[in-house]
file model.txt (compact mmCIF, C-alpha atoms)
# COMPACT_ATOMS: atom_id res chain seq x y z
CA MET A 22 0.00 0.00 0.00
CA SER A 23 1.16 3.56 -0.72
CA LEU A 24 1.58 5.82 2.30
CA ALA A 25 1.69 8.97 0.16
CA GLY A 26 -0.54 11.63 1.66
CA LYS A 27 -0.96 9.77 4.97
CA ARG A 28 0.11 11.25 8.30
CA VAL A 29 1.40 9.44 11.38
CA LEU A 30 1.63 10.82 14.91
CA LEU A 31 4.76 9.12 16.28
CA ILE A 32 5.21 8.95 20.05
CA VAL A 33 8.77 8.15 21.12
CA SER A 34 8.95 6.92 24.71
CA GLY A 35 11.94 6.04 26.88
CA GLY A 36 14.31 3.18 26.11
CA ILE A 37 17.62 2.50 24.40
CA ALA A 38 15.68 1.36 21.33
CA ALA A 39 14.47 4.93 20.77
CA TYR A 40 17.26 5.36 18.22
CA LYS A 41 15.36 3.02 15.89
CA ALA A 42 12.55 5.58 15.73
CA LEU A 43 14.91 7.77 13.69
CA GLU A 44 15.23 5.09 11.01
CA LEU A 45 11.45 4.57 11.05
CA ILE A 46 10.90 8.30 10.40
CA ARG A 47 13.31 8.10 7.46
CA LEU A 48 11.44 5.14 5.99
CA LEU A 49 8.06 6.85 6.46
CA ALA A 50 9.32 10.03 4.81
CA LYS A 51 10.73 8.02 1.91
CA ALA A 52 7.27 6.44 1.48
CA GLY A 53 5.69 9.89 1.31
CA CYS A 54 4.08 9.72 4.75
CA GLY A 55 4.02 12.82 6.93
CA VAL A 56 5.26 12.38 10.50
CA THR A 57 4.55 14.50 13.58
CA CYS A 58 6.65 13.49 16.58
CA VAL A 59 5.88 13.58 20.29
CA LEU A 60 8.87 12.95 22.54
CA THR A 61 8.39 11.95 26.17
CA LYS A 62 10.65 13.16 28.96
CA ALA A 63 12.19 9.68 29.23
CA GLY A 64 12.54 9.41 25.46
CA ALA A 65 14.54 12.65 25.43
CA GLN A 66 17.23 10.85 27.45
CA PHE A 67 18.01 8.78 24.33
CA VAL A 68 17.16 10.94 21.28
CA THR A 69 16.85 14.71 20.87
CA PRO A 70 13.98 16.82 19.56
CA LEU A 71 16.39 18.24 16.98
CA SER A 72 17.14 14.81 15.47
CA LEU A 73 13.43 13.98 15.23
CA GLN A 74 12.68 17.36 13.68
CA ALA A 75 15.53 17.08 11.17
CA LEU A 76 14.23 13.76 9.85
CA SER A 77 10.50 14.51 10.01
CA GLY A 78 10.73 18.11 8.81
CA ALA A 79 8.08 19.05 11.36
CA LYS A 80 7.86 20.55 14.84
CA VAL A 81 8.42 18.12 17.70
CA TYR A 82 6.05 18.30 20.68
CA THR A 83 7.16 17.56 24.23
CA ASP A 84 5.14 19.60 26.75
CA LEU A 85 1.48 19.21 27.64
CA PHE A 86 1.34 22.68 29.15
CA SER A 87 3.26 24.63 26.51
CA LEU A 88 1.40 27.88 25.90
CA THR A 89 2.97 28.22 22.46
CA ASP A 90 2.15 24.69 21.34
CA GLU A 91 -1.37 24.84 22.73
CA SER A 92 -2.04 28.12 20.89
CA GLU A 93 -0.68 26.71 17.61
CA MET A 94 -2.26 23.24 17.84
CA GLY A 95 -4.07 22.09 20.97
CA HIS A 96 -3.34 18.60 22.20
CA ILE A 97 -6.88 17.43 21.34
CA GLU A 98 -6.45 18.55 17.75
CA LEU A 99 -2.96 17.04 17.65
CA SER A 100 -4.36 13.68 18.81
CA ARG A 101 -6.85 13.59 15.97
CA ALA A 102 -4.99 15.23 13.08
CA ALA A 103 -3.11 12.07 12.08
CA ASP A 104 -4.38 8.96 10.31
CA LEU A 105 -2.62 6.66 12.79
CA VAL A 106 -0.96 7.03 16.21
CA VAL A 107 2.23 4.96 16.57
CA VAL A 108 4.25 4.41 19.76
CA VAL A 109 7.88 3.43 19.05
CA PRO A 110 9.39 2.27 21.29
CA ALA A 111 6.57 1.51 23.70
CA SER A 112 8.11 1.06 27.13
CA ALA A 113 6.52 -1.02 29.89
CA ASN A 114 5.71 2.25 31.62
CA ILE A 115 3.74 3.81 28.77
CA CYS A 116 1.92 0.52 28.12
CA ALA A 117 0.88 0.42 31.79
CA LYS A 118 -0.34 4.02 31.63
CA MET A 119 -2.32 3.32 28.47
CA ALA A 120 -3.98 0.30 30.10
CA ALA A 121 -4.86 2.35 33.19
CA GLY A 122 -6.16 5.28 31.13
CA MET A 123 -3.69 7.73 32.67
CA ALA A 124 -3.03 11.15 31.15
CA ASP A 125 -0.15 12.68 33.10
CA ASP A 126 1.94 14.00 30.20
CA LEU A 127 1.49 14.99 26.57
CA ALA A 128 1.98 11.47 25.15
CA THR A 129 -0.52 9.72 27.42
CA THR A 130 -3.02 12.57 27.10
CA LEU A 131 -2.87 12.26 23.32
CA LEU A 132 -3.31 8.51 23.52
CA LEU A 133 -6.37 8.92 25.72
CA ALA A 134 -7.88 11.69 23.58
CA THR A 135 -7.32 10.23 20.12
CA ASP A 136 -10.12 8.83 18.01
CA LYS A 137 -7.69 7.18 15.60
CA ARG A 138 -6.23 3.67 15.61
CA VAL A 139 -3.16 3.12 17.76
CA LEU A 140 -0.20 0.91 16.84
CA VAL A 141 2.29 -0.02 19.56
CA ALA A 142 5.77 -1.54 19.16
CA PRO A 143 6.89 -2.66 22.65
CA ALA A 144 10.53 -2.76 23.73
CA MET A 145 11.76 -3.65 27.20
CA ASN A 146 13.86 -6.03 29.28
CA VAL A 147 12.84 -9.66 28.90
CA ARG A 148 11.77 -9.92 32.55
CA MET A 149 9.60 -6.82 32.21
CA TRP A 150 8.10 -8.22 28.99
CA GLN A 151 7.24 -11.52 30.69
CA HIS A 152 6.02 -9.99 33.96
CA ALA A 153 2.37 -10.76 34.77
CA ALA A 154 1.57 -7.04 35.01
CA THR A 155 2.86 -6.37 31.48
CA VAL A 156 1.06 -9.42 30.11
CA ALA A 157 -2.18 -8.20 31.69
CA ASN A 158 -1.71 -4.64 30.46
CA LEU A 159 -1.12 -5.74 26.88
CA ALA A 160 -4.17 -8.00 27.03
CA VAL A 161 -6.29 -5.02 28.08
CA LEU A 162 -4.92 -2.90 25.24
CA GLU A 163 -5.53 -5.67 22.72
CA GLN A 164 -9.13 -5.97 23.86
CA ARG A 165 -9.52 -2.25 23.21
CA GLY A 166 -8.33 -2.67 19.65
CA VAL A 167 -4.75 -1.46 19.99
CA LEU A 168 -2.52 -2.97 17.29
CA PHE A 169 0.85 -4.51 18.15
CA VAL A 170 4.17 -5.16 16.45
CA PRO A 171 5.60 -8.00 18.57
CA PRO A 172 9.16 -7.56 19.85
CA ASP A 173 12.03 -9.66 18.56
CA GLU A 174 14.08 -12.13 20.58
CA GLY A 175 17.79 -11.61 21.02
CA PRO A 176 20.57 -9.98 23.05
CA MET A 177 19.68 -6.78 24.88
CA ALA A 178 21.59 -3.71 26.00
CA CYS A 179 21.17 -4.88 29.61
CA GLY A 180 23.13 -8.05 28.80
CA GLU A 181 20.17 -10.43 28.94
CA PHE A 182 18.74 -12.49 26.09
CA GLY A 183 15.12 -13.13 25.19
CA PRO A 184 11.98 -11.52 23.80
CA GLY A 185 11.71 -7.76 24.25
CA ARG A 186 13.93 -6.25 21.53
CA LEU A 187 12.14 -3.63 19.45
CA ALA A 188 11.09 -4.95 16.05
CA GLU A 189 13.19 -3.65 13.18
CA PRO A 190 11.97 -0.44 11.46
CA PRO A 191 11.04 -2.18 8.14
CA VAL A 192 8.80 -4.57 10.08
CA ILE A 193 7.13 -1.66 11.88
CA LEU A 194 6.74 0.16 8.55
CA ALA A 195 4.95 -2.89 7.11
CA ALA A 196 2.61 -2.93 10.12
CA ILE A 197 1.85 0.76 9.59
CA GLU A 198 1.06 0.08 5.94
CA ARG A 199 -1.36 -2.67 6.95
CA ALA A 200 -2.99 -0.49 9.58
CA LEU A 201 -3.57 2.30 7.07
CA ALA A 202 -4.73 0.02 4.27
CA PRO A 203 -8.45 -0.01 3.44
CA ALA A 204 -10.40 -2.40 5.65
CA GLY A 205 -9.88 -5.95 4.44
CA PRO A 206 -12.63 -8.50 3.87
CA LEU A 207 -11.86 -10.13 7.24
CA SER A 208 -11.81 -6.88 9.21
CA GLY A 209 -13.52 -7.39 12.57
CA ARG A 210 -13.10 -11.17 12.42
CA HIS A 211 -11.05 -13.20 14.89
CA ALA A 212 -9.04 -16.14 13.56
CA ILE A 213 -7.21 -18.80 15.57
CA VAL A 214 -4.39 -20.59 13.74
CA THR A 215 -2.33 -23.47 15.12
CA SER A 216 1.14 -24.08 13.72
CA GLY A 217 4.24 -26.22 14.03
CA PRO A 218 4.87 -29.50 15.82
CA THR A 219 4.36 -30.36 19.46
CA HIS A 220 7.08 -31.82 21.66
CA GLU A 221 5.89 -34.54 24.02
CA PRO A 222 8.52 -35.13 26.74
CA ILE A 223 9.82 -38.63 27.50
CA ASP A 224 12.34 -37.39 30.06
CA PRO A 225 14.04 -34.02 30.66
CA VAL A 226 16.18 -34.35 27.50
CA ARG A 227 14.11 -36.46 25.07
CA PHE A 228 10.75 -35.95 23.44
CA ILE A 229 8.41 -37.32 20.78
CA ALA A 230 8.01 -34.95 17.82
CA ASN A 231 7.60 -34.74 14.06
CA ARG A 232 9.23 -32.89 11.16
CA SER A 233 6.75 -30.01 10.92
CA SER A 234 8.49 -26.65 10.41
CA GLY A 235 5.46 -24.44 11.09
CA LYS A 236 6.01 -22.61 7.80
CA GLN A 237 2.49 -23.28 6.51
CA GLY A 238 0.70 -22.31 9.72
CA HIS A 239 2.72 -19.14 10.16
CA ALA A 240 2.10 -18.18 6.53
CA ILE A 241 -1.66 -18.70 6.99
CA ALA A 242 -1.65 -16.49 10.09
CA ALA A 243 0.13 -13.73 8.17
CA ALA A 244 -2.23 -14.06 5.18
CA LEU A 245 -5.35 -13.81 7.35
CA ALA A 246 -3.92 -10.77 9.14
CA ALA A 247 -3.20 -9.15 5.78
CA LEU A 248 -6.93 -9.45 4.97
CA GLY A 249 -7.82 -7.60 8.17
CA ALA A 250 -8.43 -10.44 10.63
CA ARG A 251 -7.34 -10.27 14.24
CA VAL A 252 -5.21 -13.40 14.45
CA THR A 253 -4.17 -15.51 17.43
CA LEU A 254 -1.37 -17.88 16.40
CA VAL A 255 -0.85 -20.82 18.77
CA SER A 256 2.55 -22.19 17.85
CA GLY A 257 4.54 -25.19 18.88
CA PRO A 258 8.37 -25.06 18.93
CA VAL A 259 9.57 -23.53 15.64
CA SER A 260 12.55 -21.49 14.46
CA LEU A 261 10.45 -18.92 12.60
CA ALA A 262 9.95 -15.22 13.25
CA ASP A 263 6.53 -14.19 14.55
CA PRO A 264 4.30 -12.84 11.77
CA ALA A 265 3.86 -9.07 12.12
CA GLY A 266 0.52 -7.92 13.49
CA VAL A 267 -0.32 -11.35 14.93
CA THR A 268 -0.75 -12.33 18.59
CA VAL A 269 1.48 -15.35 19.21
CA VAL A 270 0.99 -17.88 22.01
CA ARG A 271 3.94 -20.27 22.30
CA VAL A 272 3.42 -23.80 23.59
CA GLU A 273 5.38 -27.04 23.75
CA THR A 274 2.92 -29.90 24.15
CA ALA A 275 -0.43 -30.91 22.66
CA VAL A 276 -2.16 -30.39 26.00
CA GLN A 277 -0.77 -26.86 26.20
CA MET A 278 -1.86 -26.16 22.62
CA PHE A 279 -5.35 -27.48 23.39
CA ASP A 280 -5.65 -25.22 26.45
CA ALA A 281 -4.36 -22.19 24.51
CA VAL A 282 -6.84 -22.72 21.66
CA LEU A 283 -9.77 -22.99 24.06
CA ALA A 284 -8.58 -19.87 25.90
CA ALA A 285 -8.49 -17.95 22.61
CA LEU A 286 -12.17 -18.61 21.88
CA PRO A 287 -14.56 -17.18 20.78
CA ALA A 288 -13.42 -16.86 17.18
CA ASP A 289 -14.96 -16.66 13.74
CA ILE A 290 -12.32 -18.81 12.05
CA ALA A 291 -10.11 -21.66 13.22
CA VAL A 292 -7.36 -23.11 11.02
CA CYS A 293 -5.73 -26.13 12.66
CA ALA A 294 -2.52 -26.37 10.64
CA ALA A 295 -0.30 -27.67 13.46
CA ALA A 296 1.05 -31.21 13.29
CA VAL A 297 -0.12 -32.08 16.79
CA GLY A 298 1.33 -35.20 18.37
CA ASP A 299 -1.33 -37.91 18.62
CA TRP A 300 0.31 -39.50 21.67
CA ARG A 301 2.40 -38.51 24.66
CA ALA A 302 4.31 -40.49 27.24
CA GLU A 303 1.86 -41.60 29.89
CA ALA A 304 4.35 -40.60 32.57
CA ALA A 305 7.46 -38.67 31.57
CA ALA A 306 10.52 -39.60 33.59
CA VAL A 307 11.69 -36.99 36.08
CA GLN A 308 15.36 -37.79 35.40
CA LYS A 309 17.14 -38.77 32.19
CA ILE A 310 16.53 -42.43 31.34
CA LYS A 311 19.88 -44.28 31.44
CA LYS A 312 20.91 -47.32 29.43
CA SER A 313 20.48 -50.48 31.45
CA GLY A 314 21.08 -53.24 28.90
CA GLU A 315 17.38 -53.50 28.12
CA ALA A 316 15.23 -51.19 25.99
CA PRO A 317 12.81 -49.20 28.16
CA VAL A 318 9.07 -49.71 27.69
CA LEU A 319 7.31 -46.47 26.76
CA ARG A 320 3.60 -46.42 27.58
CA LEU A 321 1.66 -43.89 25.54
CA ALA A 322 -1.50 -41.90 26.28
CA GLU A 323 -3.70 -40.25 23.66
CA ASN A 324 -3.52 -36.46 23.37
CA PRO A 325 -6.58 -34.20 23.16
CA ASP A 326 -8.06 -33.96 19.66
CA ILE A 327 -7.94 -30.20 19.13
CA LEU A 328 -9.65 -30.21 15.73
CA ALA A 329 -12.52 -32.42 16.90
CA GLU A 330 -12.98 -30.49 20.13
CA ILE A 331 -13.10 -27.08 18.47
CA SER A 332 -15.47 -28.45 15.82
CA ALA A 333 -17.82 -29.50 18.62
CA ALA A 334 -17.42 -26.40 20.77
CA GLY A 335 -21.13 -25.63 20.85
CA ALA A 336 -22.00 -21.96 21.17
CA GLU A 337 -18.32 -21.00 20.91
CA ARG A 338 -17.71 -23.03 17.76
CA PRO A 339 -16.12 -20.85 15.08
CA ARG A 340 -18.26 -20.32 12.01
CA LEU A 341 -15.55 -21.91 9.87
CA VAL A 342 -13.23 -24.68 11.11
CA VAL A 343 -10.45 -25.78 8.78
CA GLY A 344 -8.28 -28.81 9.46
CA PHE A 345 -5.14 -30.17 7.83
CA ALA A 346 -4.48 -33.79 6.93
CA ALA A 347 -0.87 -34.81 6.29
CA GLU A 348 -1.07 -38.17 4.54
CA THR A 349 1.42 -40.58 2.95
CA GLU A 350 -1.08 -42.65 0.91
CA ASN A 351 -4.70 -42.62 -0.28
CA VAL A 352 -4.82 -38.89 0.39
CA ALA A 353 -8.37 -38.19 -0.80
CA GLU A 354 -9.91 -41.16 1.03
CA HIS A 355 -8.12 -40.51 4.31
CA ALA A 356 -8.89 -36.77 4.13
CA GLU A 357 -12.60 -37.35 3.54
CA SER A 358 -12.69 -39.80 6.44
CA LYS A 359 -10.93 -37.29 8.70
CA LYS A 360 -13.36 -34.53 7.74
CA ARG A 361 -16.31 -36.72 8.76
CA ARG A 362 -14.71 -37.92 12.00
CA LYS A 363 -13.57 -34.52 13.19
CA GLY A 364 -16.73 -32.61 12.23
CA CYS A 365 -14.79 -29.72 10.67
CA ASP A 366 -16.01 -27.71 7.67
CA TRP A 367 -12.95 -27.97 5.43
CA ILE A 368 -9.88 -30.18 5.21
CA CYS A 369 -6.62 -29.21 3.51
CA ALA A 370 -4.95 -32.51 2.65
CA ASN A 371 -1.39 -32.89 1.44
CA ASN A 372 0.83 -35.83 0.62
CA VAL A 373 3.89 -35.74 2.89
CA GLY A 374 5.36 -39.04 1.75
CA GLY A 375 8.94 -38.97 0.52
CA THR A 376 12.17 -37.51 1.86
CA GLY A 377 12.14 -33.80 2.62
CA VAL A 378 8.45 -33.22 1.82
CA PHE A 379 7.19 -32.78 5.38
CA GLY A 380 8.50 -29.44 6.62
CA GLY A 381 9.59 -28.33 3.14
CA ALA A 382 9.04 -25.03 1.35
CA GLU A 383 6.14 -26.10 -0.88
CA ASN A 384 2.75 -27.74 -0.58
CA GLU A 385 0.28 -29.40 -2.92
CA ILE A 386 -3.21 -29.11 -1.45
CA LEU A 387 -6.42 -31.07 -1.90
CA LEU A 388 -9.11 -28.86 -0.38
CA LEU A 389 -12.30 -30.62 0.71
CA THR A 390 -15.27 -28.33 1.37
CA GLU A 391 -19.03 -28.71 1.55
CA ALA A 392 -19.05 -28.04 -2.21
CA GLY A 393 -16.64 -30.82 -3.09
CA ALA A 394 -12.92 -31.22 -3.77
CA GLU A 395 -10.43 -28.74 -5.22
CA THR A 396 -6.95 -29.79 -6.31
CA TRP A 397 -4.41 -26.98 -6.09
CA PRO A 398 -1.10 -27.11 -7.98
CA ARG A 399 2.16 -27.37 -6.06
CA MET A 400 3.22 -23.90 -4.90
CA ASN A 401 5.24 -22.31 -2.12
CA LYS A 402 3.59 -22.17 1.28
CA ALA A 403 3.09 -18.40 1.22
CA ALA A 404 1.09 -18.78 -2.01
CA VAL A 405 -0.93 -21.61 -0.46
CA ALA A 406 -1.65 -19.39 2.54
CA ASP A 407 -2.77 -16.47 0.36
CA ARG A 408 -5.07 -18.71 -1.66
CA LEU A 409 -6.59 -20.30 1.45
CA ALA A 410 -7.07 -16.90 3.12
CA ALA A 411 -8.81 -15.57 0.00
CA ARG A 412 -11.02 -18.67 -0.05
CA ILE A 413 -11.88 -18.13 3.62
CA ALA A 414 -12.67 -14.45 3.01
CA LYS A 415 -15.35 -15.44 0.48
CA VAL A 416 -17.27 -17.14 3.31
CA PHE A 417 -17.48 -13.84 5.19
CA THR A 418 -18.29 -11.50 2.28

call {"tool": "encode", "arguments": {"input": "model.txt", "output": "C-alpha cells"}}
result
Amino acid sequence: MSLAGKRVLLIVSGGIAAYKALELIRLLAKAGCGVTCVLTKAGAQFVTPLSLQALSGAKVYTDLFSLTDESEMGHIELSRAADLVVVVPASANICAKMAAGMADDLATTLLLATDKRVLVAPAMNVRMWQHAATVANLAVLEQRGVLFVPPDEGPMACGEFGPGRLAEPPVILAAIERALAPAGPLSGRHAIVTSGPTHEPIDPVRFIANRSSGKQGHAIAAALAALGARVTLVSGPVSLADPAGVTVVRVETAVQMFDAVLAALPADIAVCAAAVGDWRAEAAAVQKIKKSGEAPVLRLAENPDILAEISAAGAERPRLVVGFAAETENVAEHAESKKRRKGCDWICANNVGGTGVFGGAENEILLLTEAGAETWPRMNKAAVADRLAARIAKVFT
C-alpha cells in the first residue's frame, strides 16, 4: 500500500531502542508519509527533539502545558490530526499508563484523547516483557483494539537475552502500511491458527516430535492478518519469526496447545494447521533415562483432539473450522474420512510421503469443502496461505 498523503503521529517513549525511531521516520518520509513526533521526557534521554525534527521536517512536541504549542495546535487537535498514532518504542511504563487510562503527560493525554487507531511496538527487558503485570496490560490494550508489532528475541543492551527487543523499522513500517490500508474483507473477524509440531517429553532431555516446520501455519496467520483479521497464532516449537501484526501464544505440548486454543475462543475462524502429536508419554521420567542393557518400555496416552474439540465447541464453535491432513497414501480417502470424524467444515490434505516433503518449502493441497474437492497445484507455502485466506474471506463477504 502507498503511504503517500498519509500522516502518522509518532510517540517516542523512553528506552535504548528509541534510536530506531529515527530510522522509522526516514522510511516513512521516503514512502511519502508525513510524520509528527511527540517525545516523552524519558525518550529525550536517548534521542533529541532536533534529530526527530531534522528527519520529520516538522515541529516536535514535548510539553502538555506549553502555551505556544497549545495556541498553535491544541493537544486534542494534535491527537486527531493524524491517520494513525504509533508508539515506538513503547516502554513497559507507557503501556501500563495506556492500560490504566492515565493522562499525566502529553503522550498519554494524546493517547487517551485520540479517536484514531493506535499501533504499539513494545521494547523492554525480557523480565519486564514476561512480567504478569505487562502481560495483563497488553491483554487489556488488545481488547480495546490497539494494534501490536511483537518484539524480537535476542541480546539486549542490559546483557540479557530473550523476547523484548524492538522490532526492526522495516517490520514496523509494514505494520503501519497494513494499519492504514483499506479495511480488508476479514476486518472485525477473529481467527485462531495453530502451527508447528508439538514436543511430548519422554524425560528431561528427550521428546516425541515430528518434522513439521510451522512454515504453513505461520504463513496462513500472516495471510489472514493481511486481509484484516485479528489473528491468534498458537505455535509449537519452531525457528520462525513471529508474523507481524499477529498475537502469538507459544506452547510445547499438545495439551498446552489445546488449552491455549480454548482460551483464545470465541473466534470466527479456526485453522488447525499444526502437526499435533497424537500421543504422549503416559508418565514422563523426572530424570534422564539411562541405558540399562534392556530397551525401556514407553507407555503412551492419547492427546486431546484439538480439531474435533473445536469443531464440537457448541456456542463457541467458530463459524468456519479448517483442518489439515498430512497423509502418505490414499490422500483423498483418508482426508474425507478425517473430515467426517472430526466434524470440521474444510480439510486441507497434502501428501507428505517422501524424503524432505514434510516441513519443506512447498505444498500441494487437496481442499475438501461442503461443495466438493479442489486440487491446487504445487506452490510455495506463502502462495498456499494467500489462496486459502482468499477462499476463507469469500465465506465472510

call {"tool": "closest_residue", "arguments": {"input": "model.txt", "among": "A:Ser23, A:Thr390, A:Ser216, A:Ser332", "to": "Ala356 of chain A", "atoms": "all atoms listed in the file"}}
result
A:Thr390

call {"tool": "residues_around", "arguments": {"input": "model.txt", "residues": "segment 64-79 of chain A", "least_positions_apart": "5", "cutoff": "12 Å", "atoms": "only C-alpha atoms", "output": "JSON list (two decimals) with C-alpha atoms, keeping the file's coordinate frame"}}
result
[["chain", "number", "residue", "atom", "x", "y", "z"],
["A", 28, "ARG", "CA", 0.11, 11.25, 8.30],
["A", 29, "VAL", "CA", 1.40, 9.44, 11.38],
["A", 30, "LEU", "CA", 1.63, 10.82, 14.91],
["A", 31, "LEU", "CA", 4.76, 9.12, 16.28],
["A", 32, "ILE", "CA", 5.21, 8.95, 20.05],
["A", 33, "VAL", "CA", 8.77, 8.15, 21.12],
["A", 34, "SER", "CA", 8.95, 6.92, 24.71],
["A", 35, "GLY", "CA", 11.94, 6.04, 26.88],
["A", 36, "GLY", "CA", 14.31, 3.18, 26.11],
["A", 37, "ILE", "CA", 17.62, 2.50, 24.40],
["A", 38, "ALA", "CA", 15.68, 1.36, 21.33],
["A", 39, "ALA", "CA", 14.47, 4.93, 20.77],
["A", 40, "TYR", "CA", 17.26, 5.36, 18.22],
["A", 41, "LYS", "CA", 15.36, 3.02, 15.89],
["A", 42, "ALA", "CA", 12.55, 5.58, 15.73],
["A", 43, "LEU", "CA", 14.91, 7.77, 13.69],
["A", 44, "GLU", "CA", 15.23, 5.09, 11.01],
["A", 45, "LEU", "CA", 11.45, 4.57, 11.05],
["A", 46, "ILE", "CA", 10.90, 8.30, 10.40],
["A", 47, "ARG", "CA", 13.31, 8.10, 7.46],
["A", 48, "LEU", "CA", 11.44, 5.14, 5.99],
["A", 49, "LEU", "CA", 8.06, 6.85, 6.46],
["A", 50, "ALA", "CA", 9.32, 10.03, 4.81],
["A", 51, "LYS", "CA", 10.73, 8.02, 1.91],
["A", 53, "GLY", "CA", 5.69, 9.89, 1.31],
["A", 54, "CYS", "CA", 4.08, 9.72, 4.75],
["A", 55, "GLY", "CA", 4.02, 12.82, 6.93],
["A", 56, "VAL", "CA", 5.26, 12.38, 10.50],
["A", 57, "THR", "CA", 4.55, 14.50, 13.58],
["A", 58, "CYS", "CA", 6.65, 13.49, 16.58],
["A", 59, "VAL", "CA", 5.88, 13.58, 20.29],
["A", 84, "ASP", "CA", 5.14, 19.60, 26.75],
["A", 108, "VAL", "CA", 4.25, 4.41, 19.76],
["A", 109, "VAL", "CA", 7.88, 3.43, 19.05],
["A", 110, "PRO", "CA", 9.39, 2.27, 21.29],
["A", 111, "ALA", "CA", 6.57, 1.51, 23.70],
["A", 112, "SER", "CA", 8.11, 1.06, 27.13],
["A", 114, "ASN", "CA", 5.71, 2.25, 31.62],
["A", 115, "ILE", "CA", 3.74, 3.81, 28.77],
["A", 128, "ALA", "CA", 1.98, 11.47, 25.15]]

call {"tool": "closest_residue", "arguments": {"input": "model.txt", "among": "A:Thr396, A:Asn401, A:Ser100, A:Thr219", "to": "Ala294 of chain A", "atoms": "only C-alpha atoms"}}
result
A:Thr219

call {"tool": "atom_distance", "arguments": {"input": "model.txt", "atom1": "atom CA of Thr83 of chain A", "atom2": "atom CA of Pro171 of chain A"}}
result
26.2 Å

call {"tool": "closest_residue", "arguments": {"input": "model.txt", "among": "A:Gly266, A:Pro398, A:Gly205, A:Pro258", "to": "Val167 of chain A", "atoms": "only C-alpha atoms"}}
result
A:Gly266

call {"tool": "residues_around", "arguments": {"input": "model.txt", "residues": "Leu187 of chain A", "least_positions_apart": "2", "cutoff": "7 Å", "atoms": "only C-alpha atoms", "output": "short mmCIF file (atom, residue, chain, number, x, y, z; two decimals) with C-alpha atoms, in the coordinates of the input"}}
result
data_model
loop_
_atom_site.label_atom_id
_atom_site.label_comp_id
_atom_site.auth_asym_id
_atom_site.auth_seq_id
_atom_site.Cartn_x
_atom_site.Cartn_y
_atom_site.Cartn_z
CA ALA A 38 15.68 1.36 21.33
CA PRO A 110 9.39 2.27 21.29
CA ALA A 142 5.77 -1.54 19.16
CA PRO A 143 6.89 -2.66 22.65
CA ALA A 144 10.53 -2.76 23.73
CA PRO A 172 9.16 -7.56 19.85
CA ASP A 173 12.03 -9.66 18.56
CA GLY A 185 11.71 -7.76 24.25
CA GLU A 189 13.19 -3.65 13.18
#

call {"tool": "atom_distance", "arguments": {"input": "model.txt", "atom1": "atom CA of Leu105 of chain A", "atom2": "atom CA of Ala244 of chain A"}}
result
22.1 Å

call {"tool": "atom_distance", "arguments": {"input": "model.txt", "atom1": "atom CA of Gly166 of chain A", "atom2": "atom CA of Val214 of chain A"}}
result
19.3 Å

call {"tool": "residues_near_point", "arguments": {"input": "model.txt", "point": "(2.4, -29.6, 19.2)", "cutoff": "7 Å", "atoms": "all atoms listed in the file", "output": "MDAnalysis selection string"}}
result
chainID A and resid 217:220 257 273:275 278 295:298

call {"tool": "residues_around", "arguments": {"input": "model.txt", "residues": "Arg165 of chain A", "least_positions_apart": "2", "cutoff": "12 Å", "atoms": "only C-alpha atoms", "output": "list in words"}}
result
Met119, Ala120, Ala121, Gly122, Leu133, Arg138, Val139, Leu140, Asn158, Leu159, Ala160, Val161, Leu162, Glu163, Val167, Leu168 and Phe169 of chain A

call {"tool": "closest_residue", "arguments": {"input": "model.txt", "among": "A:Ile223, A:Ala247, A:Ala370, A:Arg301", "to": "Pro317 of chain A", "atoms": "all atoms listed in the file"}}
result
A:Ile223

call {"tool": "closest_residue", "arguments": {"input": "model.txt", "among": "A:Ala246, A:Gln277, A:Leu388, A:Ala346", "to": "Ala410 of chain A", "atoms": "all atoms listed in the file"}}
result
A:Ala246

call {"tool": "residues_around", "arguments": {"input": "model.txt", "residues": "Ala134 of chain A", "least_positions_apart": "6", "cutoff": "12 Å", "atoms": "all atoms listed in the file", "output": "PyMOL selection string"}}
result
chain A and resi 95-102+106+119+122-124+127-128

call {"tool": "write_last_selection", "arguments": {"input": "model.txt", "atoms": "C-alpha atoms", "output": "PDB file, keeping the file's coordinate frame"}}
result
ATOM      1  CA  GLY A  95      -4.070  22.090  20.970  1.00  0.00           C
ATOM      2  CA  HIS A  96      -3.340  18.600  22.200  1.00  0.00           C
ATOM      3  CA  ILE A  97      -6.880  17.430  21.340  1.00  0.00           C
ATOM      4  CA  GLU A  98      -6.450  18.550  17.750  1.00  0.00           C
ATOM      5  CA  LEU A  99      -2.960  17.040  17.650  1.00  0.00           C
ATOM      6  CA  SER A 100      -4.360  13.680  18.810  1.00  0.00           C
ATOM      7  CA  ARG A 101      -6.850  13.590  15.970  1.00  0.00           C
ATOM      8  CA  ALA A 102      -4.990  15.230  13.080  1.00  0.00           C
ATOM      9  CA  VAL A 106      -0.960   7.030  16.210  1.00  0.00           C
ATOM     10  CA  MET A 119      -2.320   3.320  28.470  1.00  0.00           C
ATOM     11  CA  GLY A 122      -6.160   5.280  31.130  1.00  0.00           C
ATOM     12  CA  MET A 123      -3.690   7.730  32.670  1.00  0.00           C
ATOM     13  CA  ALA A 124      -3.030  11.150  31.150  1.00  0.00           C
ATOM     14  CA  LEU A 127       1.490  14.990  26.570  1.00  0.00           C
ATOM     15  CA  ALA A 128       1.980  11.470  25.150  1.00  0.00           C
TER      16      ALA A 128
END

call {"tool": "residues_around", "arguments": {"input": "model.txt", "residues": "segment 336-342 of chain A", "least_positions_apart": "6", "cutoff": "9 Å", "atoms": "all atoms listed in the file", "output": "compact mmCIF listing (two decimals) with C-alpha atoms, in the coordinates of the input"}}
result
# COMPACT_ATOMS: atom_id res chain seq x y z
CA ALA A 212 -9.04 -16.14 13.56
CA LEU A 286 -12.17 -18.61 21.88
CA PRO A 287 -14.56 -17.18 20.78
CA ALA A 288 -13.42 -16.86 17.18
CA ASP A 289 -14.96 -16.66 13.74
CA ILE A 290 -12.32 -18.81 12.05
CA ALA A 291 -10.11 -21.66 13.22
CA VAL A 292 -7.36 -23.11 11.02
CA CYS A 293 -5.73 -26.13 12.66
CA LEU A 328 -9.65 -30.21 15.73
CA GLY A 364 -16.73 -32.61 12.23
CA CYS A 365 -14.79 -29.72 10.67
CA ASP A 366 -16.01 -27.71 7.67
CA TRP A 367 -12.95 -27.97 5.43
CA ILE A 368 -9.88 -30.18 5.21
CA ILE A 413 -11.88 -18.13 3.62
CA VAL A 416 -17.27 -17.14 3.31
